[in-house]
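Asks: Below is the file input32.json, with JSON, C-alpha atoms and all ligand atoms.
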```json
[["chain", "number", "residue", "atom", "x", "y", "z"],
["A", 1, "MET", "CA", -18.59, -1.70, 9.88],
["A", 2, "TYR", "CA", -14.81, -2.01, 9.79],
["A", 3, "THR", "CA", -11.75, -0.77, 11.66],
["A", 4, "ASN", "CA", -10.47, 2.50, 10.21],
["A", 5, "TYR", "CA", -6.68, 2.73, 10.22],
["A", 6, "ASN", "CA", -6.57, 6.55, 10.25],
["A", 7, "GLN", "CA", -8.77, 6.50, 13.33],
["A", 8, "ILE", "CA", -6.39, 4.03, 15.01],
["A", 9, "LEU", "CA", -3.46, 6.39, 14.32],
["A", 10, "ARG", "CA", -5.43, 9.36, 15.64],
["A", 11, "GLU", "CA", -6.25, 7.50, 18.85],
["A", 12, "GLN", "CA", -2.67, 6.33, 19.28],
["A", 13, "PHE", "CA", -1.17, 9.81, 18.87],
["A", 14, "GLY", "CA", -4.06, 11.93, 20.12],
["A", 15, "ALA", "CA", -3.82, 14.04, 16.94],
["A", 16, "ARG", "CA", -4.40, 13.88, 13.21],
["A", 17, "VAL", "CA", -1.50, 12.05, 11.52],
["A", 18, "GLN", "CA", -0.63, 12.88, 7.91],
["A", 19, "LYS", "CA", 1.57, 10.66, 5.77],
["A", 20, "ILE", "CA", 4.06, 12.51, 3.56],
["A", 21, "SER", "CA", 5.24, 10.63, 0.47],
["A", 22, "ILE", "CA", 8.98, 10.53, 0.01],
["A", 23, "ASN", "CA", 10.69, 9.44, -3.18],
["A", 24, "ALA", "CA", 14.23, 8.40, -2.32],
["A", 25, "GLY", "CA", 15.05, 7.22, -5.84],
["A", 26, "PHE", "CA", 14.99, 3.50, -5.10],
["A", 27, "THR", "CA", 14.73, 1.06, -7.97],
["A", 28, "CYS", "CA", 12.91, -2.25, -8.14],
["A", 29, "PRO", "CA", 14.53, -5.71, -8.25],
["A", 30, "ASN", "CA", 11.63, -6.96, -10.32],
["A", 31, "ARG", "CA", 12.65, -4.59, -13.08],
["A", 32, "ASN", "CA", 16.44, -4.79, -13.08],
["A", 33, "GLY", "CA", 16.83, -8.58, -13.32],
["A", 34, "VAL", "CA", 17.65, -9.33, -9.66],
["A", 35, "LYS", "CA", 14.19, -10.83, -9.08],
["A", 36, "GLY", "CA", 12.81, -10.48, -12.58],
["A", 37, "TRP", "CA", 12.59, -8.30, -15.67],
["A", 38, "GLY", "CA", 9.86, -5.95, -16.77],
["A", 39, "GLY", "CA", 8.15, -5.59, -13.40],
["A", 40, "CYS", "CA", 4.71, -6.66, -12.26],
["A", 41, "THR", "CA", 2.36, -6.58, -15.24],
["A", 42, "PHE", "CA", 0.00, -4.03, -13.61],
["A", 43, "CYS", "CA", 2.72, -1.56, -12.55],
["A", 44, "ASN", "CA", 3.55, 1.83, -13.96],
["A", 45, "ASN", "CA", 5.53, 3.58, -11.27],
["A", 46, "GLN", "CA", 4.93, 7.04, -12.69],
["A", 47, "THR", "CA", 1.52, 6.89, -11.01],
["A", 48, "PHE", "CA", 3.17, 7.02, -7.54],
["A", 49, "PHE", "CA", 4.66, 10.49, -7.30],
["A", 50, "PRO", "CA", 3.07, 13.70, -6.01],
["A", 51, "GLU", "CA", 4.64, 16.86, -7.40],
["A", 52, "TYR", "CA", 6.63, 17.86, -4.31],
["A", 53, "CYS", "CA", 8.19, 14.45, -4.20],
["A", 54, "GLN", "CA", 11.16, 14.19, -6.57],
["A", 55, "PRO", "CA", 14.30, 12.15, -5.90],
["A", 56, "THR", "CA", 16.54, 15.05, -6.95],
["A", 57, "LYS", "CA", 15.65, 16.69, -3.61],
["A", 58, "SER", "CA", 16.95, 15.31, -0.31],
["A", 59, "VAL", "CA", 14.48, 13.30, 1.73],
["A", 60, "VAL", "CA", 14.53, 16.01, 4.42],
["A", 61, "GLN", "CA", 13.69, 18.69, 1.85],
["A", 62, "GLN", "CA", 10.85, 16.55, 0.46],
["A", 63, "MET", "CA", 9.54, 16.06, 3.98],
["A", 64, "GLU", "CA", 9.73, 19.81, 4.75],
["A", 65, "GLU", "CA", 7.89, 20.64, 1.54],
["A", 66, "GLY", "CA", 5.31, 17.91, 2.18],
["A", 67, "ILE", "CA", 4.66, 19.21, 5.70],
["A", 68, "TYR", "CA", 4.29, 22.74, 4.34],
["A", 69, "PHE", "CA", 1.87, 21.50, 1.68],
["A", 70, "PHE", "CA", -0.31, 19.61, 4.19],
["A", 71, "ARG", "CA", -0.12, 22.14, 7.08],
["A", 72, "ARG", "CA", -3.88, 22.42, 7.55],
["A", 73, "TYR", "CA", -4.61, 21.23, 11.04],
["A", 74, "GLU", "CA", -3.36, 22.56, 14.35],
["A", 75, "GLY", "CA", -1.20, 19.98, 16.15],
["A", 76, "GLN", "CA", -1.01, 17.66, 13.14],
["A", 77, "LEU", "CA", 1.77, 15.04, 13.25],
["A", 78, "TYR", "CA", 3.54, 13.38, 10.33],
["A", 79, "LEU", "CA", 4.79, 10.02, 9.11],
["A", 80, "ALA", "CA", 7.40, 9.77, 6.37],
["A", 81, "TYR", "CA", 5.98, 7.45, 3.74],
["A", 82, "PHE", "CA", 8.47, 5.71, 1.46],
["A", 83, "GLN", "CA", 6.03, 4.64, -1.23],
["A", 84, "ALA", "CA", 7.48, 4.37, -4.72],
["A", 85, "TYR", "CA", 9.37, 1.28, -5.87],
["A", 86, "THR", "CA", 11.04, -0.97, -3.27],
["A", 87, "ASN", "CA", 12.14, 1.11, -0.30],
["A", 88, "THR", "CA", 14.35, -1.45, 1.41],
["A", 89, "TYR", "CA", 16.23, -2.33, -1.76],
["A", 90, "ALA", "CA", 19.62, -0.88, -0.74],
["A", 91, "PRO", "CA", 22.43, -1.70, 1.71],
["A", 92, "LEU", "CA", 21.48, -1.18, 5.35],
["A", 93, "ASP", "CA", 23.93, 1.71, 5.82],
["A", 94, "ASP", "CA", 22.27, 3.60, 2.97],
["A", 95, "LEU", "CA", 18.85, 2.98, 4.51],
["A", 96, "ARG", "CA", 20.05, 4.37, 7.86],
["A", 97, "ARG", "CA", 21.24, 7.56, 6.14],
["A", 98, "LEU", "CA", 17.82, 7.99, 4.55],
["A", 99, "TYR", "CA", 15.49, 7.11, 7.40],
["A", 100, "GLU", "CA", 17.21, 8.48, 10.49],
["A", 101, "PRO", "CA", 17.41, 12.24, 9.66],
["A", 102, "LEU", "CA", 13.65, 12.18, 9.08],
["A", 103, "LEU", "CA", 13.01, 10.74, 12.51],
["A", 104, "GLU", "CA", 14.85, 13.69, 14.07],
["A", 105, "MET", "CA", 12.50, 16.22, 12.48],
["A", 106, "ASN", "CA", 9.99, 18.14, 14.55],
["A", 107, "LYS", "CA", 6.47, 16.59, 14.51],
["A", 108, "VAL", "CA", 7.65, 13.52, 12.55],
["A", 109, "VAL", "CA", 6.56, 10.54, 14.63],
["A", 110, "GLY", "CA", 7.68, 7.70, 12.44],
["A", 111, "LEU", "CA", 8.14, 5.90, 9.15],
["A", 112, "VAL", "CA", 6.01, 3.84, 6.85],
["A", 113, "VAL", "CA", 8.13, 1.88, 4.38],
["A", 114, "GLY", "CA", 6.59, 0.21, 1.34],
["A", 115, "THR", "CA", 8.47, -2.80, 0.06],
["A", 116, "ARG", "CA", 8.31, -6.29, -1.41],
["A", 117, "PRO", "CA", 8.16, -9.23, 1.01],
["A", 118, "ASP", "CA", 11.25, -10.75, -0.62],
["A", 119, "CYS", "CA", 13.29, -7.57, -0.03],
["A", 120, "VAL", "CA", 13.71, -7.78, 3.74],
["A", 121, "ASP", "CA", 15.90, -10.13, 5.74],
["A", 122, "GLU", "CA", 16.37, -10.81, 9.43],
["A", 123, "ARG", "CA", 19.20, -8.28, 9.83],
["A", 124, "MET", "CA", 17.16, -5.54, 8.22],
["A", 125, "LEU", "CA", 14.11, -6.40, 10.33],
["A", 126, "ASP", "CA", 16.27, -6.25, 13.47],
["A", 127, "TYR", "CA", 17.27, -2.73, 12.43],
["A", 128, "PHE", "CA", 13.63, -1.69, 11.97],
["A", 129, "ALA", "CA", 12.88, -3.22, 15.37],
["A", 130, "GLU", "CA", 15.52, -0.89, 16.90],
["A", 131, "LEU", "CA", 13.84, 2.11, 15.28],
["A", 132, "ALA", "CA", 10.44, 0.86, 16.43],
["A", 133, "GLU", "CA", 11.54, 1.04, 20.08],
["A", 134, "LYS", "CA", 11.35, 4.85, 19.87],
["A", 135, "HIS", "CA", 9.23, 5.63, 16.81],
["A", 136, "TYR", "CA", 6.16, 4.41, 14.96],
["A", 137, "VAL", "CA", 7.45, 2.07, 12.25],
["A", 138, "MET", "CA", 5.32, 0.19, 9.75],
["A", 139, "LEU", "CA", 6.50, -2.04, 6.93],
["A", 140, "GLU", "CA", 3.92, -2.08, 4.19],
["A", 141, "TYR", "CA", 4.21, -5.16, 2.01],
["A", 142, "GLY", "CA", 2.96, -5.55, -1.53],
["A", 143, "VAL", "CA", 1.16, -8.87, -1.13],
["A", 144, "GLU", "CA", -1.25, -8.22, -4.06],
["A", 145, "SER", "CA", -2.70, -11.76, -4.03],
["A", 146, "THR", "CA", -2.61, -14.80, -1.76],
["A", 147, "LEU", "CA", -2.69, -17.16, -4.76],
["A", 148, "ASP", "CA", 0.62, -18.25, -6.24],
["A", 149, "ARG", "CA", -0.92, -18.89, -9.66],
["A", 150, "THR", "CA", -1.96, -15.21, -9.77],
["A", 151, "LEU", "CA", 1.43, -14.00, -8.52],
["A", 152, "GLU", "CA", 3.04, -15.96, -11.31],
["A", 153, "ARG", "CA", 0.52, -14.69, -13.86],
["A", 154, "ILE", "CA", 1.30, -11.05, -13.01],
["A", 155, "ASN", "CA", 5.08, -11.64, -12.94],
["A", 156, "ARG", "CA", 5.27, -10.66, -9.29],
["A", 157, "GLY", "CA", 8.47, -12.62, -8.71],
["A", 158, "HIS", "CA", 7.65, -13.85, -5.19],
["A", 159, "THR", "CA", 5.26, -16.34, -3.63],
["A", 160, "TYR", "CA", 2.57, -15.90, -1.00],
["A", 161, "ALA", "CA", 4.70, -17.95, 1.42],
["A", 162, "GLU", "CA", 7.29, -15.15, 1.22],
["A", 163, "SER", "CA", 4.60, -12.61, 2.16],
["A", 164, "GLU", "CA", 3.56, -14.76, 5.11],
["A", 165, "TRP", "CA", 7.16, -15.08, 6.27],
["A", 166, "ALA", "CA", 7.86, -11.34, 6.03],
["A", 167, "ILE", "CA", 4.66, -10.33, 7.85],
["A", 168, "ARG", "CA", 5.17, -12.82, 10.68],
["A", 169, "GLU", "CA", 8.86, -11.93, 11.15],
["A", 170, "THR", "CA", 8.05, -8.21, 11.12],
["A", 171, "ALA", "CA", 5.24, -8.46, 13.67],
["A", 172, "LYS", "CA", 7.36, -10.74, 15.87],
["A", 173, "ARG", "CA", 9.82, -7.86, 16.28],
["A", 174, "GLY", "CA", 7.21, -5.32, 17.39],
["A", 175, "ILE", "CA", 7.07, -3.54, 14.03],
["A", 176, "HIS", "CA", 3.66, -2.60, 12.60],
["A", 177, "THR", "CA", 2.65, -4.55, 9.51],
["A", 178, "GLY", "CA", 0.66, -3.43, 6.50],
["A", 179, "ALA", "CA", -0.30, -5.09, 3.22],
["A", 180, "HIS", "CA", -1.55, -4.10, -0.23],
["A", 181, "LEU", "CA", -3.99, -6.31, -2.02],
["A", 182, "ILE", "CA", -5.46, -5.88, -5.51],
["A", 183, "LEU", "CA", -8.97, -7.21, -6.02],
["A", 184, "GLY", "CA", -9.74, -8.52, -9.50],
["A", 185, "LEU", "CA", -6.33, -9.63, -10.81],
["A", 186, "PRO", "CA", -6.37, -11.84, -13.93],
["A", 187, "GLY", "CA", -7.87, -15.26, -13.33],
["A", 188, "GLU", "CA", -9.37, -14.36, -9.92],
["A", 189, "SER", "CA", -13.09, -14.79, -9.27],
["A", 190, "ASP", "CA", -15.08, -12.98, -6.56],
["A", 191, "GLU", "CA", -14.70, -16.09, -4.40],
["A", 192, "ASP", "CA", -10.91, -16.00, -4.86],
["A", 193, "CYS", "CA", -10.94, -12.36, -3.70],
["A", 194, "LEU", "CA", -12.90, -13.33, -0.59],
["A", 195, "LEU", "CA", -10.49, -16.18, 0.08],
["A", 196, "HIS", "CA", -7.76, -13.53, 0.42],
["A", 197, "ALA", "CA", -9.58, -12.22, 3.49],
["A", 198, "ASP", "CA", -9.61, -15.70, 5.07],
["A", 199, "ARG", "CA", -5.90, -16.12, 4.42],
["A", 200, "LEU", "CA", -4.90, -12.67, 5.67],
["A", 201, "ASN", "CA", -6.92, -13.32, 8.84],
["A", 202, "GLU", "CA", -4.29, -15.92, 9.73],
["A", 203, "LEU", "CA", -1.53, -13.30, 9.76],
["A", 204, "PRO", "CA", -0.52, -10.68, 12.38],
["A", 205, "LEU", "CA", -1.48, -7.79, 10.11],
["A", 206, "ASP", "CA", -2.32, -4.33, 11.47],
["A", 207, "MET", "CA", -3.37, -2.59, 8.29],
["A", 208, "LEU", "CA", -4.64, -3.44, 4.83],
["A", 209, "LYS", "CA", -4.97, -1.34, 1.68],
["A", 210, "LEU", "CA", -7.35, -2.65, -0.94],
["A", 211, "HIS", "CA", -7.16, -1.58, -4.56],
["A", 212, "GLN", "CA", -9.43, -2.19, -7.49],
["A", 213, "LEU", "CA", -7.58, -3.44, -10.55],
["A", 214, "GLN", "CA", -6.93, -0.56, -12.94],
["A", 215, "MET", "CA", -5.70, -0.65, -16.49],
["A", 216, "VAL", "CA", -2.90, 1.88, -16.60],
["A", 217, "LYS", "CA", -1.32, 3.06, -19.84],
["A", 218, "GLY", "CA", 2.07, 1.61, -20.63],
["A", 219, "THR", "CA", 1.70, -1.51, -18.49],
["A", 220, "THR", "CA", 2.03, -5.06, -19.81],
["A", 221, "LEU", "CA", -1.38, -5.89, -18.39],
["A", 222, "ALA", "CA", -3.05, -3.01, -20.22],
["A", 223, "LYS", "CA", -1.47, -4.19, -23.49],
["A", 224, "GLU", "CA", -2.77, -7.73, -22.86],
["A", 225, "TRP", "CA", -6.21, -6.33, -22.02],
["A", 226, "LEU", "CA", -6.36, -4.15, -25.13],
["A", 227, "GLU", "CA", -5.80, -7.32, -27.16],
["A", 228, "ASP", "CA", -8.26, -9.46, -25.19],
["A", 229, "ARG", "CA", -10.81, -7.78, -22.90],
["A", 230, "SER", "CA", -11.86, -11.11, -21.42],
["A", 231, "ILE", "CA", -8.63, -11.60, -19.44],
["A", 232, "VAL", "CA", -9.98, -9.64, -16.45],
["A", 233, "LYS", "CA", -13.28, -8.60, -15.00],
["A", 234, "LEU", "CA", -13.17, -4.84, -14.46],
["A", 235, "TYR", "CA", -15.70, -4.02, -11.76],
["A", 236, "THR", "CA", -18.23, -1.25, -11.96],
["A", 237, "MET", "CA", -18.14, 0.89, -8.82],
["A", 238, "ASP", "CA", -21.34, -0.72, -7.56],
["A", 239, "GLU", "CA", -20.00, -4.23, -8.09],
["A", 240, "TYR", "CA", -16.77, -3.30, -6.34],
["A", 241, "ILE", "CA", -18.63, -1.81, -3.37],
["A", 242, "ASP", "CA", -20.52, -5.07, -3.13],
["A", 243, "LEU", "CA", -17.27, -7.05, -3.23],
["A", 244, "CYS", "CA", -15.72, -4.83, -0.53],
["A", 245, "VAL", "CA", -18.78, -5.33, 1.71],
["A", 246, "ARG", "CA", -18.47, -9.10, 1.38],
["A", 247, "PHE", "CA", -14.71, -8.86, 1.93],
["A", 248, "LEU", "CA", -15.20, -6.84, 5.13],
["A", 249, "GLN", "CA", -17.71, -9.41, 6.39],
["A", 250, "ARG", "CA", -14.93, -12.01, 6.18],
["A", 251, "LEU", "CA", -12.01, -9.90, 7.44],
["A", 252, "LYS", "CA", -11.17, -9.95, 11.16],
["A", 253, "PRO", "CA", -11.64, -6.53, 12.86],
["A", 254, "GLU", "CA", -8.02, -6.53, 14.12],
["A", 255, "ILE", "CA", -6.96, -5.69, 10.56],
["A", 256, "ALA", "CA", -7.68, -1.99, 10.02],
["A", 257, "ILE", "CA", -8.39, -0.70, 6.53],
["A", 258, "GLU", "CA", -6.52, 2.35, 5.27],
["A", 259, "ARG", "CA", -8.06, 2.60, 1.83],
["A", 260, "PHE", "CA", -10.31, 0.79, -0.62],
["A", 261, "ILE", "CA", -9.36, 2.20, -3.99],
["A", 262, "SER", "CA", -6.38, 3.65, -5.77],
["A", 263, "GLN", "CA", -6.58, 6.60, -8.14],
["A", 264, "SER", "CA", -4.22, 6.61, -11.08],
["A", 265, "PRO", "CA", -3.84, 10.01, -12.74],
["A", 266, "LYS", "CA", -6.65, 10.49, -15.28],
["A", 267, "ASP", "CA", -4.28, 10.87, -18.23],
["A", 268, "MET", "CA", -2.76, 7.46, -17.46],
["A", 269, "LEU", "CA", -5.92, 5.53, -16.70],
["A", 270, "LEU", "CA", -7.62, 3.44, -19.39],
["A", 271, "ALA", "CA", -10.29, 1.81, -17.20],
["A", 272, "PRO", "CA", -12.32, 1.66, -15.03],
["A", 273, "ASP", "CA", -12.85, 5.42, -14.69],
["A", 274, "TRP", "CA", -15.20, 5.80, -11.72],
["A", 275, "GLY", "CA", -14.30, 9.47, -11.17],
["A", 276, "VAL", "CA", -14.36, 9.24, -7.35],
["A", 277, "LYS", "CA", -11.76, 10.03, -4.75],
["A", 278, "ASN", "CA", -11.06, 7.58, -1.92],
["A", 279, "TYR", "CA", -13.11, 9.56, 0.63],
["A", 280, "GLU", "CA", -16.08, 9.71, -1.77],
["A", 281, "PHE", "CA", -15.85, 5.97, -2.29],
["A", 282, "VAL", "CA", -15.69, 5.45, 1.49],
["A", 283, "ASP", "CA", -18.87, 7.54, 1.92],
["A", 284, "LYS", "CA", -20.68, 5.34, -0.59],
["A", 285, "LEU", "CA", -19.40, 2.16, 1.03],
["A", 286, "ARG", "CA", -20.41, 3.36, 4.50],
["A", 287, "ALA", "CA", -23.88, 4.25, 3.22],
["A", 288, "ARG", "CA", -24.19, 0.71, 1.85],
["A", 289, "LEU", "CA", -23.04, -0.77, 5.18],
["A", 290, "GLN", "CA", -25.51, 1.44, 7.09],
["A", 291, "ALA", "CA", -28.37, 0.46, 4.79],
["A", 292, "MET", "CA", -27.62, -3.20, 5.45],
["A", 293, "LYS", "CA", -28.03, -2.65, 9.20],
["A", 294, "LYS", "CA", -31.61, -1.43, 8.82],
["B", 1, "LIG", "S1", 4.67, -3.06, -8.27],
["B", 1, "LIG", "FE1", 6.49, -2.77, -7.04],
["B", 1, "LIG", "S2", 7.61, -4.70, -7.27],
["B", 1, "LIG", "FE2", 6.15, -4.61, -8.96],
["B", 1, "LIG", "S3", 7.29, -3.68, -10.66],
["B", 1, "LIG", "FE3", 6.20, -2.04, -9.60],
["B", 1, "LIG", "S4", 7.71, -1.23, -8.14],
["B", 1, "LIG", "FE4", 8.43, -3.27, -8.79]]
```
Using structure tokens, write down the structure that the file contains.
Ligand code: SF4
Replies:
Amino acid sequence: MYTNYNQILREQFGARVQKISINAGFTCPNRNGVKGWGGCTFCNNQTFFPEYCQPTKSVVQQMEEGIYFFRRYEGQLYLAYFQAYTNTYAPLDDLRRLYEPLLEMNKVVGLVVGTRPDCVDERMLDYFAELAEKHYVMLEYGVESTLDRTLERINRGHTYAESEWAIRETAKRGIHTGAHLILGLPGESDEDCLLHADRLNELPLDMLKLHQLQMVKGTTLAKEWLEDRSIVKLYTMDEYIDLCVRFLQRLKPEIAIERFISQSPKDMLLAPDWGVKNYEFVDKLRARLQAMKK
């Protein structure tokens, strides 16, 4: 089997923990010329936002509305999840003004901050370490691939060495570390995808999110793919389950998995359209893992 990140949170807090997405209106340095232009070739940020989560509302209001929306379970606790764009891409004083009011809210036990590995520095990590003394704090890095040739191919604008540096420096300060990885990026074989597991095993990572490569309308990659379908292998769900099983066999159990697939809104997705939600995919994957035990 594998280590389930949601279960780890539940054990740590003794309650169900729900992440609430917050859109603080950050931008991305890979779009505005600071790191690059045009963004990562697979990215269309419109796929990130739930309805309650609009940057015209304050972060506290978004959190209140998110908590109201998800108020299903008695005793449930919450994490503020800064997901869209690059959520450390602002001066430190601005970040303090965003993060700290959320940590004072009732039932909010911490922060999860999604960012690029080249958008943190030692001073910022020291600040997160201060917050982590009293709250749950995770920095979730978009690693996407451990191969520099792929990172270059998708216009990611940073190297794998930068991901390694950020994850090690974050963990060293007692801050939880998470990573995103996309399986099936252009030029990557199944064996390359499995190599990512070996490389991540060398890092002090607490959590990993896997994503199948999706062709999303309006992205550079989708345009390239519409012109030449051979540039990527888009997995069928069965093939992807098989790849995930092999990936899990290589991944060390200290790295907990939060999710295996992403779900772009249907009207934005070109392919592959598997029509399953994450929990349905997890059920299928678990059934496959169980069957292998027999
Ligand atoms: S994936 Fe992240 S870093 Fe890349 S363009 Fe989109 S927001 Fe920017």
Asks: Please determine, counting only C-alpha atoms and all ligand atoms, which residue among A:Tyr235, A:Tyr85, A:Tyr99, A:Tyr5 has the shortest atom-to-atom distance to ligand LIG 1 (chain B).
Replies: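 Closest to ligand LIG 1 (chain B), using only C-alpha atoms and all ligand atoms: A:Tyr85.
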Asks: What residues have any atom no more than 9 Å from ligand LIG 1 (chain B) when counting all atoms listed in the file, and can you list them as a list of chain:residue names?
Replies: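 Taking all atoms listed in the file into account, the residues around ligand LIG 1 (chain B) at most 9 Å away are A:Thr27, A:Cys28, A:Pro29, A:Asn30, A:Arg31, A:Gly36, A:Trp37, A:Gly38, A:Gly39, A:Cys40, A:Thr41, A:Phe42, A:Cys43, A:Asn44, A:Asn45, A:Ala84, A:Tyr85, A:Thr86, A:Gly114, A:Thr115, A:Arg116, A:Gly142, A:Glu144, A:Asn155, A:Arg156, A:Gly157.
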Asks: Would you kindly return, as a JSON list (two decimals) with C-alpha atoms, in the frame of the given file, each protein, DNA or RNA residue with an atom no farther than 12 Å from any atom of A:Cys244, considering only C-alpha atoms and excluding same-chain residues fewer than 6 positions away?
Replies:
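See around_27.json below for the written result:
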```json
[["chain", "number", "residue", "atom", "x", "y", "z"],
["A", 1, "MET", "CA", -18.59, -1.70, 9.88],
["A", 2, "TYR", "CA", -14.81, -2.01, 9.79],
["A", 181, "LEU", "CA", -3.99, -6.31, -2.02],
["A", 182, "ILE", "CA", -5.46, -5.88, -5.51],
["A", 183, "LEU", "CA", -8.97, -7.21, -6.02],
["A", 184, "GLY", "CA", -9.74, -8.52, -9.50],
["A", 190, "ASP", "CA", -15.08, -12.98, -6.56],
["A", 191, "GLU", "CA", -14.70, -16.09, -4.40],
["A", 193, "CYS", "CA", -10.94, -12.36, -3.70],
["A", 194, "LEU", "CA", -12.90, -13.33, -0.59],
["A", 196, "HIS", "CA", -7.76, -13.53, 0.42],
["A", 197, "ALA", "CA", -9.58, -12.22, 3.49],
["A", 209, "LYS", "CA", -4.97, -1.34, 1.68],
["A", 210, "LEU", "CA", -7.35, -2.65, -0.94],
["A", 211, "HIS", "CA", -7.16, -1.58, -4.56],
["A", 212, "GLN", "CA", -9.43, -2.19, -7.49],
["A", 235, "TYR", "CA", -15.70, -4.02, -11.76],
["A", 237, "MET", "CA", -18.14, 0.89, -8.82],
["A", 238, "ASP", "CA", -21.34, -0.72, -7.56],
["A", 250, "ARG", "CA", -14.93, -12.01, 6.18],
["A", 251, "LEU", "CA", -12.01, -9.90, 7.44],
["A", 257, "ILE", "CA", -8.39, -0.70, 6.53],
["A", 259, "ARG", "CA", -8.06, 2.60, 1.83],
["A", 260, "PHE", "CA", -10.31, 0.79, -0.62],
["A", 261, "ILE", "CA", -9.36, 2.20, -3.99],
["A", 281, "PHE", "CA", -15.85, 5.97, -2.29],
["A", 282, "VAL", "CA", -15.69, 5.45, 1.49],
["A", 284, "LYS", "CA", -20.68, 5.34, -0.59],
["A", 285, "LEU", "CA", -19.40, 2.16, 1.03],
["A", 286, "ARG", "CA", -20.41, 3.36, 4.50],
["A", 288, "ARG", "CA", -24.19, 0.71, 1.85],
["A", 289, "LEU", "CA", -23.04, -0.77, 5.18]]
```
Asks: Do you have the atom CA of A:Gln263-atom CA of A:Phe247 distance handy?
Replies: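 Separation between atom CA of A:Gln263 and atom CA of A:Phe247: 20.2 Å.
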Asks: One decimal, Å: what's the distance from atom CA of A:Gly75 over to atom CA of A:Ala15, could you say?
Replies: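 Distance between the two atoms: 6.5 Å.
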Asks: Taking only C-alpha atoms into account, name the residue in A:Ala171, A:Val59, A:Ala291, A:Ala161 that is nearest to A:Val143.
Replies: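 That would be A:Ala161, the residue with the smallest distance to A:Val143.
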Asks: Do you know which residues are at most 10 Å from stretch 61-68 of chain A counting all atoms listed in the file, after dropping those on the same chain fewer than 5 positions away, and could you put them as an MDAnalysis selection string?
Replies: chainID A and resid 18:24 50:56 76:81 102 105:108
Asks: Take the residues from that selection and put them in a file with C-alpha atoms, as a short mmCIF file (atom, residue, chain, number, x, y, z; two decimals), in the coordinates of the input.
Replies:
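Done, and the output landed in result_26.cif:
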```cif
data_model
loop_
_atom_site.label_atom_id
_atom_site.label_comp_id
_atom_site.auth_asym_id
_atom_site.auth_seq_id
_atom_site.Cartn_x
_atom_site.Cartn_y
_atom_site.Cartn_z
CA GLN A 18 -0.63 12.88 7.91
CA LYS A 19 1.57 10.66 5.77
CA ILE A 20 4.06 12.51 3.56
CA SER A 21 5.24 10.63 0.47
CA ILE A 22 8.98 10.53 0.01
CA ASN A 23 10.69 9.44 -3.18
CA ALA A 24 14.23 8.40 -2.32
CA PRO A 50 3.07 13.70 -6.01
CA GLU A 51 4.64 16.86 -7.40
CA TYR A 52 6.63 17.86 -4.31
CA CYS A 53 8.19 14.45 -4.20
CA GLN A 54 11.16 14.19 -6.57
CA PRO A 55 14.30 12.15 -5.90
CA THR A 56 16.54 15.05 -6.95
CA GLN A 76 -1.01 17.66 13.14
CA LEU A 77 1.77 15.04 13.25
CA TYR A 78 3.54 13.38 10.33
CA LEU A 79 4.79 10.02 9.11
CA ALA A 80 7.40 9.77 6.37
CA TYR A 81 5.98 7.45 3.74
CA LEU A 102 13.65 12.18 9.08
CA MET A 105 12.50 16.22 12.48
CA ASN A 106 9.99 18.14 14.55
CA LYS A 107 6.47 16.59 14.51
CA VAL A 108 7.65 13.52 12.55
#
```
Asks: Taking the point (-5.4, -2.6, 14.4) as given in the file, collect each protein or nucleic acid residue that comes within 6 Å of it, counting only C-alpha atoms, and present the set as a list in words.
Replies: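 Output of the proximity query reads Asp206, Glu254, Ile255 and Ala256 of chain A.
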Asks: So which one's closest to A:Ala287, A:Asp242, A:Pro272, A:Val112, A:Pro253? Using only C-alpha atoms, please.
Replies: A:Asp242
Asks: How far is it from atom CA of A:Gly187 to atom CA of A:Glu140, in Å with one decimal?
Replies: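 Between these atoms lies a distance of 24.9 Å.
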Asks: Excluding A:Arg123 and any residue of its chain fewer than 6 positions from it, enumerate the residues within 12 Å of it, using all atoms listed in the file, and give them as a VMD selection string.
Replies: chain A and resid 88 91 to 93 129 to 130 169 to 170 173
Asks: Starting from the sparse input, extend stretch 108-113 of chain A to N, CA, C and O atoms and give the output as a short mmCIF file (atom, residue, chain, number, x, y, z; two decimals), in the frame of the given file.
Replies:
```
data_model
loop_
_atom_site.label_atom_id
_atom_site.label_comp_id
_atom_site.auth_asym_id
_atom_site.auth_seq_id
_atom_site.Cartn_x
_atom_site.Cartn_y
_atom_site.Cartn_z
N VAL A 108 7.63 14.77 13.31
CA VAL A 108 7.65 13.52 12.55
C VAL A 108 7.71 12.38 13.56
O VAL A 108 8.68 12.25 14.30
N VAL A 109 6.66 11.56 13.58
CA VAL A 109 6.56 10.54 14.63
C VAL A 109 6.96 9.15 14.16
O VAL A 109 7.01 8.22 14.95
N GLY A 110 7.26 9.02 12.87
CA GLY A 110 7.68 7.70 12.44
C GLY A 110 7.76 7.54 10.94
O GLY A 110 7.72 8.51 10.18
N LEU A 111 7.90 6.27 10.55
CA LEU A 111 8.14 5.90 9.15
C LEU A 111 7.16 4.84 8.70
O LEU A 111 6.84 3.93 9.48
N VAL A 112 6.72 4.94 7.47
CA VAL A 112 6.01 3.84 6.85
C VAL A 112 6.80 3.50 5.59
O VAL A 112 7.06 4.38 4.76
N VAL A 113 7.22 2.26 5.47
CA VAL A 113 8.13 1.88 4.38
C VAL A 113 7.47 0.81 3.52
O VAL A 113 7.21 -0.30 3.98
#
```
